[in-house]
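K.L.:
Got a structure for you, questions after.
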Amino acid sequence: MADYSQAFEYLMDDEDRSRSGVIVCDPEPAAPAARARFGLNSYWHPDLMEAGFFAYNPDATPKIPNDEALQMAATEYRKGEWTGIRGDSITSQDVANKFLSLAVNLGEVEATKILQRAVNRVVFPLPGELGIRVDGICGEQTISAINQAAPADLLSMIKSYACQFYKDCAFRLKWSQQELDAHLARANR
């Protein structure tokens with residue numbers, strides 16, 4: 001089964017490659033002053049906000065030191081997205097890594113739909129074969145199909161579907177080329 005600590009390290013390479021723990025502005029429509037650290041947004045994690053995860057001391061150092069903050073981030077991602085995608089039930093480490101990264105970036109439902117579409121192409125490729133329902137719910141059938149697929153083939157198809165999703169978003173939301181390129185790089189890693 002996939003190992004969470006490896007998936008978390010993969011995720012951190014997407015969120016904060018140097019593990020700097022720098023606190024950055026990360027506005028949300030409902031929270032223009034939102035901040036982020038290790039990929040976690042203060043708007044979506046008010047408990048971390050209250051704990052001082054996004055706060056500075058008077059000397060401009062973070063209130064919570066990086067090592068401690070990184071452990072807090074690991075705990076948050078484990079109880080949130082990793083549990084939601086049922087990462088402990090996935091046999092391929094590479095697939096679990098990519099699934100976690102997509103779940104953090106897109107949300108669990110959209111990431112699961114991408115996985116379900118990819119599984120349907122890899123495990124049920126013949127016309128007329130009934131695949132799994134693309135419903136965004138990572139249930140037993142989805143996990144079983146993920147684990148049936150050849151990991152390299154599934155990973156390639158996941159990347160393809162993720163890239164298409166980002167391209168569609170770029171068109172609808174009028175992303176800059178730079179923003180699209182950053183999302184595509186994440187999808188293809």
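Chain identifiers are assigned as A, B, and so on, following the order in which chains appear in the structure tokens; residues are numbered from 1 within each chain, and ligands are numbered from 1 in order of appearance.
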Can I get the residues of segment 19-41 of chain A within 10 Å of segment 8-15 of chain A, each with the closest pair of atoms and their distance in Å to one decimal, using only C-alpha atoms, sorted chain first then ascending number, as a Markdown table?

P.N.:
```
| residue | atom | partner | partner_atom | distance |
| --- | --- | --- | --- | --- |
| A:Arg19 | CA | A:Met12 | CA | 7.2 |
| A:Gly21 | CA | A:Glu15 | CA | 9.9 |
| A:Arg37 | CA | A:Glu15 | CA | 8.7 |
| A:Phe38 | CA | A:Glu15 | CA | 5.9 |
| A:Gly39 | CA | A:Glu15 | CA | 5.1 |
| A:Leu40 | CA | A:Glu15 | CA | 8.9 |
```

K.L.:
Would you write out those residues with C-alpha atoms, as an mmCIF file, in the first residue's frame?

P.N.:
```cif
data_model
loop_
_atom_site.group_PDB
_atom_site.id
_atom_site.type_symbol
_atom_site.label_atom_id
_atom_site.label_comp_id
_atom_site.auth_asym_id
_atom_site.auth_seq_id
_atom_site.Cartn_x
_atom_site.Cartn_y
_atom_site.Cartn_z
ATOM 1 C CA ARG A 19 10.361 23.618 2.509
ATOM 2 C CA GLY A 21 7.596 27.659 5.166
ATOM 3 C CA ARG A 37 1.958 28.278 4.124
ATOM 4 C CA PHE A 38 3.067 24.879 2.824
ATOM 5 C CA GLY A 39 0.093 25.074 0.455
ATOM 6 C CA LEU A 40 -2.509 25.438 3.213
#
```

K.L.:
Just checking: using only C-alpha atoms, which residue out of A:Ile114, A:Val122, A:Ala30, A:Leu100 ends up closest to Asn147 of chain A?

P.N.:
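Nearest to Asn147 of chain A: A:Val122.
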
K.L.:
Of the candidates A:Ala33, A:Ala55, A:Ala2, A:Ile137, which shows the shortest atom-to-atom distance to Thr112 of chain A, using only C-alpha atoms?

P.N.:
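Of A:Ala33, A:Ala55, A:Ala2, A:Ile137, the one nearest Thr112 of chain A is A:Ile137, counting only C-alpha atoms.
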
K.L.:
Using DSSP on the backbone, list every residue of segment 36-117 of chain A that comes out as strand (DSSP E), and give them as a list of chain:residue names.

P.N.:
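For segment 36-117 of chain A, the strand (DSSP E) set is A:Ala36, A:Arg37, A:Leu40, A:Asn41.
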
K.L.:
For those residues, write N, CA and C atoms to a file as a PDB file, in the first residue's frame.

P.N.:
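Now in again-v7.pdb:
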```
ATOM      1  N   ALA A  36      -1.144  31.763   2.892  1.00  0.00           N
ATOM      2  CA  ALA A  36      -0.863  30.332   2.721  1.00  0.00           C
ATOM      3  C   ALA A  36       0.537  30.025   3.228  1.00  0.00           C
ATOM      4  N   ARG A  37       0.663  28.798   3.677  1.00  0.00           N
ATOM      5  CA  ARG A  37       1.958  28.278   4.124  1.00  0.00           C
ATOM      6  C   ARG A  37       1.949  26.782   3.847  1.00  0.00           C
ATOM      7  N   LEU A  40      -1.264  25.357   2.447  1.00  0.00           N
ATOM      8  CA  LEU A  40      -2.509  25.438   3.213  1.00  0.00           C
ATOM      9  C   LEU A  40      -2.963  26.891   3.295  1.00  0.00           C
ATOM     10  N   ASN A  41      -4.223  27.138   2.959  1.00  0.00           N
ATOM     11  CA  ASN A  41      -4.764  28.486   2.938  1.00  0.00           C
ATOM     12  C   ASN A  41      -5.501  28.794   4.243  1.00  0.00           C
TER      13      ASN A  41
END
```

K.L.:
Rounded to one decimal in Å, what is the spacing between atom CA of Gln93 of chain A and atom CA of Arg189 of chain A?

P.N.:
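That distance, rounded to one decimal, is 14.1 Å.
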
K.L.:
Neighbours of Cys163 of chain A within 7 Å (only C-alpha atoms; same-chain residues fewer than 3 positions away dropped), as a PDB file with C-alpha atoms, in the first residue's frame?

P.N.:
```pdb
ATOM      1  CA  LYS A 159      -1.616  13.364 -16.361  1.00  0.00           C
ATOM      2  CA  SER A 160      -3.432  13.639 -19.688  1.00  0.00           C
ATOM      3  CA  TYR A 166      -6.300  22.777 -16.542  1.00  0.00           C
ATOM      4  CA  LYS A 167      -6.542  23.836 -20.198  1.00  0.00           C
ATOM      5  CA  LEU A 184       0.546  21.965 -16.593  1.00  0.00           C
ATOM      6  CA  ALA A 187       0.087  17.918 -13.805  1.00  0.00           C
TER       7      ALA A 187
END
```
